[in-house]
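Source file: start_39.pdb (PDB, C-alpha atoms, pLDDT in the B column)
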```
MODEL        1
ATOM      1  CA  MET A1469     -29.348 281.678  68.955  1.00 35.00           C
ATOM      2  CA  PHE A1470     -30.042 278.031  68.389  1.00 43.00           C
ATOM      3  CA  TYR A1471     -26.884 276.028  68.917  1.00 45.00           C
ATOM      4  CA  LEU A1472     -25.356 272.640  69.472  1.00 45.00           C
ATOM      5  CA  ALA A1473     -24.234 272.061  73.042  1.00 47.00           C
ATOM      6  CA  PRO A1474     -20.629 270.859  72.984  1.00 46.00           C
ATOM      7  CA  PRO A1475     -20.363 267.203  73.962  1.00 45.00           C
ATOM      8  CA  ILE A1476     -18.819 266.867  77.422  1.00 42.00           C
ATOM      9  CA  GLU A1477     -16.090 264.491  76.247  1.00 40.00           C
ATOM     10  CA  ASN A1478     -14.965 266.750  73.405  1.00 37.00           C
ATOM     11  CA  GLN A1479     -15.376 270.526  73.713  1.00 34.00           C
ATOM     12  CA  TRP A1480     -14.704 271.366  70.095  1.00 35.00           C
ATOM     13  CA  LYS A1481     -15.101 274.836  68.718  1.00 36.00           C
ATOM     14  CA  MET A1482     -18.460 275.301  67.054  1.00 37.00           C
ATOM     15  CA  PRO A1483     -17.965 275.423  63.251  1.00 40.00           C
ATOM     16  CA  ASP A1484     -19.738 278.422  61.720  1.00 41.00           C
ATOM     17  CA  ALA A1485     -21.469 276.361  59.064  1.00 39.00           C
ATOM     18  CA  SER A1486     -23.269 274.293  61.673  1.00 41.00           C
ATOM     19  CA  VAL A1487     -24.800 277.362  63.252  1.00 44.00           C
ATOM     20  CA  GLU A1488     -26.447 278.139  59.933  1.00 43.00           C
ATOM     21  CA  VAL A1489     -27.657 274.573  59.573  1.00 46.00           C
ATOM     22  CA  LEU A1490     -29.287 274.747  62.967  1.00 55.00           C
ATOM     23  CA  ARG A1491     -31.184 277.971  62.389  1.00 56.00           C
ATOM     24  CA  GLY A1492     -33.351 276.514  59.633  1.00 60.00           C
ATOM     25  CA  THR A1493     -34.408 273.522  61.669  1.00 84.00           C
ATOM     26  CA  LEU A1494     -35.823 275.527  64.564  1.00 87.00           C
ATOM     27  CA  ASP A1495     -39.203 276.122  62.884  1.00 89.00           C
ATOM     28  CA  LEU A1496     -39.644 272.420  62.221  1.00 92.00           C
ATOM     29  CA  LEU A1497     -38.900 271.483  65.830  1.00 93.00           C
ATOM     30  CA  ILE A1498     -41.266 274.142  67.171  1.00 95.00           C
ATOM     31  CA  LEU A1499     -44.086 272.802  64.979  1.00 95.00           C
ATOM     32  CA  LYS A1500     -43.308 269.343  66.300  1.00 95.00           C
ATOM     33  CA  ALA A1501     -43.271 270.564  69.929  1.00 95.00           C
ATOM     34  CA  VAL A1502     -46.773 272.051  69.711  1.00 95.00           C
ATOM     35  CA  SER A1503     -48.167 269.235  67.591  1.00 94.00           C
ATOM     36  CA  TRP A1504     -50.117 267.442  70.309  1.00 79.00           C
ATOM     37  CA  GLY A1505     -51.393 270.277  72.438  1.00 89.00           C
ATOM     38  CA  PRO A1506     -51.031 273.883  73.597  1.00 92.00           C
ATOM     39  CA  MET A1507     -47.588 274.740  74.931  1.00 93.00           C
ATOM     40  CA  HIS A1508     -46.079 278.004  76.154  1.00 92.00           C
ATOM     41  CA  GLY A1509     -42.764 279.313  74.871  1.00 92.00           C
ATOM     42  CA  TYR A1510     -40.760 278.063  77.799  1.00 90.00           C
ATOM     43  CA  GLY A1511     -42.318 274.620  77.387  1.00 92.00           C
ATOM     44  CA  VAL A1512     -41.409 274.550  73.685  1.00 93.00           C
ATOM     45  CA  ALA A1513     -37.745 275.262  74.466  1.00 92.00           C
ATOM     46  CA  ARG A1514     -37.668 272.665  77.257  1.00 92.00           C
ATOM     47  CA  TRP A1515     -39.388 270.059  75.055  1.00 93.00           C
ATOM     48  CA  ILE A1516     -36.830 270.484  72.265  1.00 91.00           C
ATOM     49  CA  GLU A1517     -33.939 270.175  74.713  1.00 90.00           C
ATOM     50  CA  HIS A1518     -35.489 267.109  76.306  1.00 92.00           C
ATOM     51  CA  ALA A1519     -36.372 265.433  73.005  1.00 93.00           C
ATOM     52  CA  THR A1520     -32.816 265.897  71.723  1.00 89.00           C
ATOM     53  CA  SER A1521     -31.207 264.759  75.021  1.00 88.00           C
ATOM     54  CA  ASP A1522     -29.937 268.322  75.499  1.00 86.00           C
ATOM     55  CA  VAL A1523     -27.939 268.260  72.264  1.00 84.00           C
ATOM     56  CA  LEU A1524     -29.959 271.203  70.906  1.00 83.00           C
ATOM     57  CA  GLN A1525     -30.515 274.263  73.054  1.00 81.00           C
ATOM     58  CA  ILE A1526     -32.491 277.383  72.246  1.00 82.00           C
ATOM     59  CA  GLU A1527     -31.995 280.881  73.584  1.00 79.00           C
ATOM     60  CA  GLU A1528     -35.025 283.119  74.105  1.00 80.00           C
ATOM     61  CA  GLY A1529     -33.654 285.563  71.556  1.00 83.00           C
ATOM     62  CA  SER A1530     -34.222 282.956  68.852  1.00 84.00           C
ATOM     63  CA  LEU A1531     -37.308 281.273  70.198  1.00 90.00           C
ATOM     64  CA  TYR A1532     -39.704 284.206  70.394  1.00 91.00           C
ATOM     65  CA  PRO A1533     -38.980 285.619  66.925  1.00 89.00           C
ATOM     66  CA  ALA A1534     -39.471 282.104  65.551  1.00 91.00           C
ATOM     67  CA  LEU A1535     -42.818 281.715  67.362  1.00 95.00           C
ATOM     68  CA  HIS A1536     -43.977 285.072  65.962  1.00 94.00           C
ATOM     69  CA  ARG A1537     -42.867 284.098  62.488  1.00 92.00           C
ATOM     70  CA  LEU A1538     -44.778 280.822  62.616  1.00 95.00           C
ATOM     71  CA  GLU A1539     -47.843 282.641  63.957  1.00 96.00           C
ATOM     72  CA  ALA A1540     -47.648 285.208  61.134  1.00 96.00           C
ATOM     73  CA  ARG A1541     -47.553 282.363  58.613  1.00 95.00           C
ATOM     74  CA  GLY A1542     -50.674 280.843  60.119  1.00 97.00           C
ATOM     75  CA  TRP A1543     -48.934 277.648  61.221  1.00 97.00           C
ATOM     76  CA  ILE A1544     -49.512 278.198  64.936  1.00 97.00           C
ATOM     77  CA  ASP A1545     -52.095 280.162  66.933  1.00 97.00           C
ATOM     78  CA  ALA A1546     -51.399 281.944  70.211  1.00 95.00           C
ATOM     79  CA  GLU A1547     -53.946 282.059  73.008  1.00 92.00           C
ATOM     80  CA  TRP A1548     -53.767 283.315  76.589  1.00 92.00           C
ATOM     81  CA  GLY A1549     -54.096 280.773  79.406  1.00 87.00           C
ATOM     82  CA  THR A1550     -52.857 280.043  82.900  1.00 85.00           C
ATOM     83  CA  SER A1551     -49.572 278.263  83.426  1.00 79.00           C
ATOM     84  CA  THR A1552     -49.026 275.580  86.083  1.00 78.00           C
ATOM     85  CA  ASN A1553     -47.619 278.195  88.466  1.00 81.00           C
ATOM     86  CA  ASN A1554     -50.837 280.198  88.050  1.00 85.00           C
ATOM     87  CA  ARG A1555     -49.477 282.988  85.873  1.00 85.00           C
ATOM     88  CA  ARG A1556     -51.033 284.233  82.682  1.00 88.00           C
ATOM     89  CA  ALA A1557     -49.035 282.888  79.739  1.00 87.00           C
ATOM     90  CA  LYS A1558     -49.363 282.724  75.990  1.00 92.00           C
ATOM     91  CA  PHE A1559     -49.981 279.180  74.751  1.00 95.00           C
ATOM     92  CA  TYR A1560     -49.244 278.096  71.219  1.00 97.00           C
ATOM     93  CA  VAL A1561     -51.265 275.554  69.283  1.00 96.00           C
ATOM     94  CA  LEU A1562     -50.717 273.993  65.873  1.00 96.00           C
ATOM     95  CA  THR A1563     -53.229 275.036  63.212  1.00 97.00           C
ATOM     96  CA  THR A1564     -54.498 272.717  60.484  1.00 97.00           C
ATOM     97  CA  LYS A1565     -52.224 274.511  58.048  1.00 97.00           C
ATOM     98  CA  GLY A1566     -49.359 274.068  60.529  1.00 96.00           C
ATOM     99  CA  ARG A1567     -49.994 270.351  60.805  1.00 96.00           C
ATOM    100  CA  SER A1568     -49.759 269.985  57.053  1.00 95.00           C
ATOM    101  CA  GLN A1569     -46.588 272.103  57.078  1.00 92.00           C
ATOM    102  CA  LEU A1570     -45.114 269.880  59.791  1.00 94.00           C
ATOM    103  CA  ARG A1571     -45.749 266.820  57.629  1.00 92.00           C
ATOM    104  CA  VAL A1572     -44.106 268.404  54.565  1.00 88.00           C
ATOM    105  CA  GLU A1573     -41.110 269.729  56.505  1.00 87.00           C
ATOM    106  CA  THR A1574     -40.548 266.438  58.301  1.00 91.00           C
ATOM    107  CA  ALA A1575     -40.431 264.618  54.963  1.00 88.00           C
ATOM    108  CA  THR A1576     -38.151 267.298  53.482  1.00 83.00           C
ATOM    109  CA  TRP A1577     -35.802 267.182  56.464  1.00 86.00           C
ATOM    110  CA  SER A1578     -35.599 263.410  56.335  1.00 90.00           C
ATOM    111  CA  ARG A1579     -34.897 263.386  52.621  1.00 88.00           C
ATOM    112  CA  PHE A1580     -32.239 266.084  53.025  1.00 85.00           C
ATOM    113  CA  ALA A1581     -30.520 264.445  56.014  1.00 91.00           C
ATOM    114  CA  HIS A1582     -30.403 261.026  54.372  1.00 93.00           C
ATOM    115  CA  ALA A1583     -28.877 262.596  51.248  1.00 91.00           C
ATOM    116  CA  VAL A1584     -26.158 264.310  53.312  1.00 92.00           C
ATOM    117  CA  PHE A1585     -25.408 261.093  55.210  1.00 94.00           C
ATOM    118  CA  ALA A1586     -25.146 259.243  51.887  1.00 94.00           C
ATOM    119  CA  ALA A1587     -22.633 261.811  50.593  1.00 94.00           C
ATOM    120  CA  LEU A1588     -20.590 261.716  53.798  1.00 94.00           C
ATOM    121  CA  GLU A1589     -20.343 257.938  53.508  1.00 91.00           C
ATOM    122  CA  ALA A1590     -19.808 257.874  49.716  1.00 85.00           C
ATOM    123  CA  PRO A1591     -16.384 257.253  48.197  1.00 74.00           C
ATOM    124  CA  PRO A1592     -14.987 260.784  47.785  1.00 55.00           C
ATOM    125  CA  SER A1593     -13.648 260.290  44.280  1.00 56.00           C
ATOM    126  CA  GLN A1594     -15.305 261.801  41.242  1.00 49.00           C
ATOM    127  CA  PRO A1595     -18.128 259.759  39.684  1.00 47.00           C
ATOM    128  CA  ALA A1596     -17.267 257.796  36.535  1.00 42.00           C
TER     129      ALA A1596
ATOM    130  CA  MET B 857     -28.463 278.553  45.579  1.00 35.00           C
ATOM    131  CA  PHE B 858     -28.157 275.132  47.087  1.00 43.00           C
ATOM    132  CA  TYR B 859     -31.502 273.405  47.018  1.00 45.00           C
ATOM    133  CA  LEU B 860     -33.414 270.174  47.325  1.00 45.00           C
ATOM    134  CA  ALA B 861     -34.647 268.819  44.031  1.00 48.00           C
ATOM    135  CA  PRO B 862     -38.364 268.066  44.372  1.00 46.00           C
ATOM    136  CA  PRO B 863     -39.084 264.330  44.371  1.00 46.00           C
ATOM    137  CA  ILE B 864     -40.706 263.285  41.125  1.00 42.00           C
ATOM    138  CA  GLU B 865     -43.664 261.636  42.845  1.00 40.00           C
ATOM    139  CA  ASN B 866     -44.473 264.669  44.956  1.00 37.00           C
ATOM    140  CA  GLN B 867     -43.653 268.140  43.683  1.00 34.00           C
ATOM    141  CA  TRP B 868     -44.133 269.960  46.956  1.00 35.00           C
ATOM    142  CA  LYS B 869     -43.344 273.595  47.375  1.00 36.00           C
ATOM    143  CA  MET B 870     -39.943 274.092  48.946  1.00 37.00           C
ATOM    144  CA  PRO B 871     -40.395 275.268  52.558  1.00 40.00           C
ATOM    145  CA  ASP B 872     -38.287 278.364  53.331  1.00 41.00           C
ATOM    146  CA  ALA B 873     -36.730 276.846  56.441  1.00 39.00           C
ATOM    147  CA  SER B 874     -35.213 273.995  54.463  1.00 41.00           C
ATOM    148  CA  VAL B 875     -33.367 276.359  52.164  1.00 44.00           C
ATOM    149  CA  GLU B 876     -31.591 277.789  55.213  1.00 43.00           C
ATOM    150  CA  VAL B 877     -30.776 274.322  56.476  1.00 46.00           C
ATOM    151  CA  LEU B 878     -29.185 273.455  53.162  1.00 55.00           C
ATOM    152  CA  ARG B 879     -26.959 276.497  52.919  1.00 56.00           C
ATOM    153  CA  GLY B 880     -24.911 275.591  55.991  1.00 60.00           C
ATOM    154  CA  THR B 881     -24.185 272.079  54.811  1.00 84.00           C
ATOM    155  CA  LEU B 882     -22.619 273.116  51.524  1.00 88.00           C
ATOM    156  CA  ASP B 883     -19.163 273.760  53.039  1.00 89.00           C
ATOM    157  CA  LEU B 884     -19.122 270.328  54.620  1.00 92.00           C
ATOM    158  CA  LEU B 885     -20.011 268.586  51.359  1.00 93.00           C
ATOM    159  CA  ILE B 886     -17.393 270.554  49.414  1.00 95.00           C
ATOM    160  CA  LEU B 887     -14.699 269.511  51.907  1.00 95.00           C
ATOM    161  CA  LYS B 888     -15.858 265.934  51.482  1.00 95.00           C
ATOM    162  CA  ALA B 889     -15.828 266.218  47.680  1.00 95.00           C
ATOM    163  CA  VAL B 890     -12.174 267.317  47.553  1.00 95.00           C
ATOM    164  CA  SER B 891     -11.049 264.988  50.333  1.00 94.00           C
ATOM    165  CA  TRP B 892      -9.349 262.372  48.170  1.00 79.00           C
ATOM    166  CA  GLY B 893      -7.811 264.436  45.418  1.00 89.00           C
ATOM    167  CA  PRO B 894      -7.812 267.652  43.377  1.00 92.00           C
ATOM    168  CA  MET B 895     -11.161 268.502  41.833  1.00 93.00           C
ATOM    169  CA  HIS B 896     -12.323 271.479  39.805  1.00 92.00           C
ATOM    170  CA  GLY B 897     -15.468 273.422  40.702  1.00 92.00           C
ATOM    171  CA  TYR B 898     -17.629 271.702  38.143  1.00 90.00           C
ATOM    172  CA  GLY B 899     -16.447 268.326  39.434  1.00 92.00           C
ATOM    173  CA  VAL B 900     -17.304 269.286  43.016  1.00 93.00           C
ATOM    174  CA  ALA B 901     -20.866 270.158  42.054  1.00 92.00           C
ATOM    175  CA  ARG B 902     -21.297 266.966  40.021  1.00 92.00           C
ATOM    176  CA  TRP B 903     -19.817 264.833  42.818  1.00 93.00           C
ATOM    177  CA  ILE B 904     -22.272 266.211  45.381  1.00 91.00           C
ATOM    178  CA  GLU B 905     -25.211 265.613  43.052  1.00 90.00           C
ATOM    179  CA  HIS B 906     -24.016 262.088  42.296  1.00 92.00           C
ATOM    180  CA  ALA B 907     -23.271 261.207  45.932  1.00 93.00           C
ATOM    181  CA  THR B 908     -26.733 262.361  47.016  1.00 89.00           C
ATOM    182  CA  SER B 909     -28.495 260.588  44.106  1.00 88.00           C
ATOM    183  CA  ASP B 910     -29.391 264.036  42.722  1.00 86.00           C
ATOM    184  CA  VAL B 911     -31.324 265.022  45.841  1.00 84.00           C
ATOM    185  CA  LEU B 912     -28.993 267.980  46.404  1.00 83.00           C
ATOM    186  CA  GLN B 913     -28.154 270.316  43.577  1.00 81.00           C
ATOM    187  CA  ILE B 914     -25.844 273.316  43.581  1.00 82.00           C
ATOM    188  CA  GLU B 915     -25.992 276.384  41.412  1.00 79.00           C
ATOM    189  CA  GLU B 916     -22.762 278.103  40.369  1.00 80.00           C
ATOM    190  CA  GLY B 917     -23.811 281.243  42.210  1.00 83.00           C
ATOM    191  CA  SER B 918     -23.480 279.334  45.491  1.00 84.00           C
ATOM    192  CA  LEU B 919     -20.604 277.057  44.646  1.00 90.00           C
ATOM    193  CA  TYR B 920     -17.910 279.583  43.732  1.00 91.00           C
ATOM    194  CA  PRO B 921     -18.429 281.899  46.722  1.00 89.00           C
ATOM    195  CA  ALA B 922     -18.292 278.810  48.953  1.00 91.00           C
ATOM    196  CA  LEU B 923     -15.039 277.622  47.330  1.00 95.00           C
ATOM    197  CA  HIS B 924     -13.507 281.075  47.842  1.00 94.00           C
ATOM    198  CA  ARG B 925     -14.665 281.150  51.457  1.00 92.00           C
ATOM    199  CA  LEU B 926     -13.118 277.747  52.161  1.00 95.00           C
ATOM    200  CA  GLU B 927      -9.895 278.835  50.447  1.00 96.00           C
ATOM    201  CA  ALA B 928      -9.785 282.047  52.534  1.00 96.00           C
ATOM    202  CA  ARG B 929     -10.135 279.963  55.694  1.00 95.00           C
ATOM    203  CA  GLY B 930      -7.217 277.780  54.651  1.00 97.00           C
ATOM    204  CA  TRP B 931      -9.304 274.607  54.363  1.00 97.00           C
ATOM    205  CA  ILE B 932      -8.716 274.146  50.636  1.00 97.00           C
ATOM    206  CA  ASP B 933      -5.977 275.272  48.267  1.00 97.00           C
ATOM    207  CA  ALA B 934      -6.525 276.214  44.627  1.00 95.00           C
ATOM    208  CA  GLU B 935      -4.024 275.356  41.916  1.00 92.00           C
ATOM    209  CA  TRP B 936      -4.131 275.642  38.144  1.00 92.00           C
ATOM    210  CA  GLY B 937      -4.137 272.478  36.075  1.00 86.00           C
ATOM    211  CA  THR B 938      -5.488 271.014  32.861  1.00 85.00           C
ATOM    212  CA  SER B 939      -8.959 269.518  32.754  1.00 78.00           C
ATOM    213  CA  THR B 940      -9.828 266.334  30.851  1.00 78.00           C
ATOM    214  CA  ASN B 941     -10.983 268.397  27.847  1.00 81.00           C
ATOM    215  CA  ASN B 942      -7.557 270.089  27.820  1.00 85.00           C
ATOM    216  CA  ARG B 943      -8.585 273.466  29.205  1.00 85.00           C
ATOM    217  CA  ARG B 944      -6.845 275.307  32.012  1.00 88.00           C
ATOM    218  CA  ALA B 945      -8.943 274.960  35.162  1.00 87.00           C
ATOM    219  CA  LYS B 946      -8.564 275.706  38.832  1.00 92.00           C
ATOM    220  CA  PHE B 947      -8.305 272.566  40.909  1.00 95.00           C
ATOM    221  CA  TYR B 948      -9.094 272.489  44.591  1.00 97.00           C
ATOM    222  CA  VAL B 949      -7.316 270.309  47.140  1.00 96.00           C
ATOM    223  CA  LEU B 950      -7.987 269.741  50.818  1.00 96.00           C
ATOM    224  CA  THR B 951      -5.330 271.160  53.177  1.00 97.00           C
ATOM    225  CA  THR B 952      -4.275 269.472  56.422  1.00 97.00           C
ATOM    226  CA  LYS B 953      -6.329 272.070  58.288  1.00 97.00           C
ATOM    227  CA  GLY B 954      -9.258 271.331  55.972  1.00 96.00           C
ATOM    228  CA  ARG B 955      -9.020 267.606  56.643  1.00 96.00           C
ATOM    229  CA  SER B 956      -9.245 268.225  60.360  1.00 95.00           C
ATOM    230  CA  GLN B 957     -12.180 270.594  59.771  1.00 92.00           C
ATOM    231  CA  LEU B 958     -13.915 267.926  57.677  1.00 94.00           C
ATOM    232  CA  ARG B 959     -13.570 265.467  60.567  1.00 92.00           C
ATOM    233  CA  VAL B 960     -14.994 267.948  63.095  1.00 88.00           C
ATOM    234  CA  GLU B 961     -17.857 269.039  60.853  1.00 87.00           C
ATOM    235  CA  THR B 962     -18.797 265.485  59.932  1.00 91.00           C
ATOM    236  CA  ALA B 963     -19.058 264.597  63.624  1.00 88.00           C
ATOM    237  CA  THR B 964     -21.016 267.776  64.358  1.00 83.00           C
ATOM    238  CA  TRP B 965     -23.398 267.163  61.475  1.00 86.00           C
ATOM    239  CA  SER B 966     -23.999 263.581  62.548  1.00 90.00           C
ATOM    240  CA  ARG B 967     -24.662 264.588  66.148  1.00 88.00           C
ATOM    241  CA  PHE B 968     -27.025 267.359  65.029  1.00 85.00           C
ATOM    242  CA  ALA B 969     -28.943 265.220  62.534  1.00 91.00           C
ATOM    243  CA  HIS B 970     -29.393 262.353  64.992  1.00 93.00           C
ATOM    244  CA  ALA B 971     -30.711 264.816  67.590  1.00 91.00           C
ATOM    245  CA  VAL B 972     -33.258 266.219  65.117  1.00 92.00           C
ATOM    246  CA  PHE B 973     -34.372 262.733  64.085  1.00 94.00           C
ATOM    247  CA  ALA B 974     -34.781 261.824  67.763  1.00 94.00           C
ATOM    248  CA  ALA B 975     -36.985 264.892  68.330  1.00 94.00           C
ATOM    249  CA  LEU B 976     -39.074 264.202  65.222  1.00 94.00           C
ATOM    250  CA  GLU B 977     -39.696 260.667  66.473  1.00 91.00           C
ATOM    251  CA  ALA B 978     -40.209 261.623  70.142  1.00 85.00           C
ATOM    252  CA  PRO B 979     -43.659 261.782  71.727  1.00 74.00           C
ATOM    253  CA  PRO B 980     -44.649 265.423  71.160  1.00 55.00           C
ATOM    254  CA  SER B 981     -46.005 266.017  74.663  1.00 56.00           C
ATOM    255  CA  GLN B 982     -44.109 268.067  77.258  1.00 50.00           C
ATOM    256  CA  PRO B 983     -41.601 266.136  79.362  1.00 47.00           C
ATOM    257  CA  ALA B 984     -42.648 265.249  82.893  1.00 42.00           C
TER     258      ALA B 984
ENDMDL
END
```

Output the file's structure in the form of structure tokens.
Amino acid sequence: MFYLAPPIENQWKMPDASVEVLRGTLDLLILKAVSWGPMHGYGVARWIEHATSDVLQIEEGSLYPALHRLEARGWIDAEWGTSTNNRRAKFYVLTTKGRSQLRVETATWSRFAHAVFAALEAPPSQPA
Amino acid sequence: MFYLAPPIENQWKMPDASVEVLRGTLDLLILKAVSWGPMHGYGVARWIEHATSDVLQIEEGSLYPALHRLEARGWIDAEWGTSTNNRRAKFYVLTTKGRSQLRVETATWSRFAHAVFAALEAPPSQPA
């Protein structure tokens, strides 16, 4: 699962709807994580946590299926290499197709998020 | 389905991941739509489209199941009334529980979206 870590000052119960929202964004963040160089699965998860100041956290049970899905779509390639602690590890790299997908999904996400923010800040009455 | 209308200047193909992202946000936007007064289903859909400048559009096949789900959870109540064209219509109102849920989900959404934006703008290399 890919979930929002509860803020320390306010341990609210996770609303179900948000869990669904989060799932769809995982692919985009993985593409972003591998966008500047090869990264192994563990590194991808740590990068996302770091880049979101630990607001988003990924469990392995979500991460690896997502990596395989992106590989099957031709957006990332997997290659074997040696990790910093000298173990063989699979490294993921962004393909050309993946880079174009990253660009499209980033624009789509931004457009979507700005639209939701606009609605949340709009007067809630019915339009004239 | 709840989907992003393609921008006129760039009719890109809808990425699958974004469709999933959108689904989870529908409940939040419905709660927002009914937050200041009774609204019928058609009005909810039009309000969301209007408040997002037509970026988000909802099909009936998504809207009514979502309204029933929110009613079953006790976040909205349905009551019969007369629409402006003098037909009997079901009107939805936010319950006290729903208002508190709207507050929680708005905060969660905002926290999530800001975290994703931060990651999309972060340097894509692995943290030190």

* Asked: Mind telling me what the PyMOL selection byres ((chain A and resi 1502-1511) around 8) catches here, as a ChimeraX atom specification?
  -> /A:1498-1501,1512-1515,1531-1532,1535,1557-1562,1567 /B:980-982

* Asked: Applied to this file, what does the PyMOL selection byres ((chain B and resi 905) around 12) return in terms of residues, put as a PyMOL selection string?
  -> (chain A and resi 1583-1584+1586-1587+1590+1594-1595) or (chain B and resi 858-861+882+885-886+889+898-904+906-915)

C-alpha atoms of the current selection, written as a JSON list (two decimals), keeping the file's coordinate frame:
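For reference, selection_4.json as written:
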```
[["chain", "number", "residue", "atom", "x", "y", "z"],
["A", 1583, "ALA", "CA", -28.88, 262.60, 51.25],
["A", 1584, "VAL", "CA", -26.16, 264.31, 53.31],
["A", 1586, "ALA", "CA", -25.15, 259.24, 51.89],
["A", 1587, "ALA", "CA", -22.63, 261.81, 50.59],
["A", 1590, "ALA", "CA", -19.81, 257.87, 49.72],
["A", 1594, "GLN", "CA", -15.30, 261.80, 41.24],
["A", 1595, "PRO", "CA", -18.13, 259.76, 39.68],
["B", 858, "PHE", "CA", -28.16, 275.13, 47.09],
["B", 859, "TYR", "CA", -31.50, 273.40, 47.02],
["B", 860, "LEU", "CA", -33.41, 270.17, 47.32],
["B", 861, "ALA", "CA", -34.65, 268.82, 44.03],
["B", 882, "LEU", "CA", -22.62, 273.12, 51.52],
["B", 885, "LEU", "CA", -20.01, 268.59, 51.36],
["B", 886, "ILE", "CA", -17.39, 270.55, 49.41],
["B", 889, "ALA", "CA", -15.83, 266.22, 47.68],
["B", 898, "TYR", "CA", -17.63, 271.70, 38.14],
["B", 899, "GLY", "CA", -16.45, 268.33, 39.43],
["B", 900, "VAL", "CA", -17.30, 269.29, 43.02],
["B", 901, "ALA", "CA", -20.87, 270.16, 42.05],
["B", 902, "ARG", "CA", -21.30, 266.97, 40.02],
["B", 903, "TRP", "CA", -19.82, 264.83, 42.82],
["B", 904, "ILE", "CA", -22.27, 266.21, 45.38],
["B", 906, "HIS", "CA", -24.02, 262.09, 42.30],
["B", 907, "ALA", "CA", -23.27, 261.21, 45.93],
["B", 908, "THR", "CA", -26.73, 262.36, 47.02],
["B", 909, "SER", "CA", -28.50, 260.59, 44.11],
["B", 910, "ASP", "CA", -29.39, 264.04, 42.72],
["B", 911, "VAL", "CA", -31.32, 265.02, 45.84],
["B", 912, "LEU", "CA", -28.99, 267.98, 46.40],
["B", 913, "GLN", "CA", -28.15, 270.32, 43.58],
["B", 914, "ILE", "CA", -25.84, 273.32, 43.58],
["B", 915, "GLU", "CA", -25.99, 276.38, 41.41]]
```

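Restricting the calculation to all atoms listed in the file, the smallest distance between B:Phe968 and any of A:Thr1563, A:His1536, A:Asp1545, A:Thr1493 is found for A:Thr1493.
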
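Straight-line separation from atom CA of A:Lys1565 to atom CA of A:Arg1537: 14.1 Å.
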
* Just how far from atom CA of B:Ser918 is atom CA of B:Ile932, in Å to one decimal? -> 16.5 Å

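For the pair atom CA of B:Asp883 and atom CA of A:Trp1577, the interatomic distance is 18.2 Å.
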
* May I have the protein, DNA and RNA residues with any atom at most 9 Å from the point (-11.9, 278.0, 57.2), counting only C-alpha atoms, written as a PyMOL selection string? => (chain A and resi 1483) or (chain B and resi 925-932+953-954+957)

* **Nearest candidate to chain B (options A:Thr1552, A:Leu1496, A:Ser1568, A:Ala1534; using all atoms listed in the file)** => A:Leu1496

My structure is short of atoms at stretch 1519-1530 of chain A; please model N, CA and C atoms there, returning them as a PDB file, in the frame of the given file.
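Below you can see part_11.pdb, which holds the result:
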```pdb
ATOM      1  N   ALA A1519     -36.207 266.398  74.104  1.00 93.00           N
ATOM      2  CA  ALA A1519     -36.372 265.433  73.005  1.00 93.00           C
ATOM      3  C   ALA A1519     -35.063 265.178  72.260  1.00 93.00           C
ATOM      4  N   THR A1520     -34.109 266.104  72.382  1.00 89.00           N
ATOM      5  CA  THR A1520     -32.816 265.897  71.723  1.00 89.00           C
ATOM      6  C   THR A1520     -31.739 265.524  72.743  1.00 89.00           C
ATOM      7  N   SER A1521     -32.150 265.094  73.929  1.00 88.00           N
ATOM      8  CA  SER A1521     -31.207 264.759  75.021  1.00 88.00           C
ATOM      9  C   SER A1521     -30.223 265.896  75.269  1.00 88.00           C
ATOM     10  N   ASP A1522     -30.734 267.117  75.228  1.00 86.00           N
ATOM     11  CA  ASP A1522     -29.937 268.322  75.499  1.00 86.00           C
ATOM     12  C   ASP A1522     -28.853 268.601  74.465  1.00 86.00           C
ATOM     13  N   VAL A1523     -28.910 267.949  73.319  1.00 84.00           N
ATOM     14  CA  VAL A1523     -27.939 268.260  72.264  1.00 84.00           C
ATOM     15  C   VAL A1523     -28.269 269.633  71.664  1.00 84.00           C
ATOM     16  N   LEU A1524     -29.552 269.904  71.439  1.00 83.00           N
ATOM     17  CA  LEU A1524     -29.959 271.203  70.906  1.00 83.00           C
ATOM     18  C   LEU A1524     -30.500 272.078  72.026  1.00 83.00           C
ATOM     19  N   GLN A1525     -30.057 273.319  72.039  1.00 81.00           N
ATOM     20  CA  GLN A1525     -30.515 274.263  73.054  1.00 81.00           C
ATOM     21  C   GLN A1525     -30.920 275.560  72.374  1.00 81.00           C
ATOM     22  N   ILE A1526     -31.958 276.180  72.883  1.00 82.00           N
ATOM     23  CA  ILE A1526     -32.491 277.383  72.246  1.00 82.00           C
ATOM     24  C   ILE A1526     -32.434 278.539  73.220  1.00 82.00           C
ATOM     25  N   GLU A1527     -31.941 279.679  72.759  1.00 79.00           N
ATOM     26  CA  GLU A1527     -31.995 280.881  73.584  1.00 79.00           C
ATOM     27  C   GLU A1527     -33.284 281.630  73.282  1.00 79.00           C
ATOM     28  N   GLU A1528     -33.770 282.381  74.274  1.00 80.00           N
ATOM     29  CA  GLU A1528     -35.025 283.119  74.105  1.00 80.00           C
ATOM     30  C   GLU A1528     -34.975 284.062  72.911  1.00 80.00           C
ATOM     31  N   GLY A1529     -33.819 284.623  72.662  1.00 83.00           N
ATOM     32  CA  GLY A1529     -33.654 285.563  71.556  1.00 83.00           C
ATOM     33  C   GLY A1529     -33.902 284.949  70.190  1.00 83.00           C
ATOM     34  N   SER A1530     -33.881 283.639  70.099  1.00 84.00           N
ATOM     35  CA  SER A1530     -34.222 282.956  68.852  1.00 84.00           C
ATOM     36  C   SER A1530     -35.636 282.428  68.897  1.00 84.00           C
TER      37      SER A1530
END
```
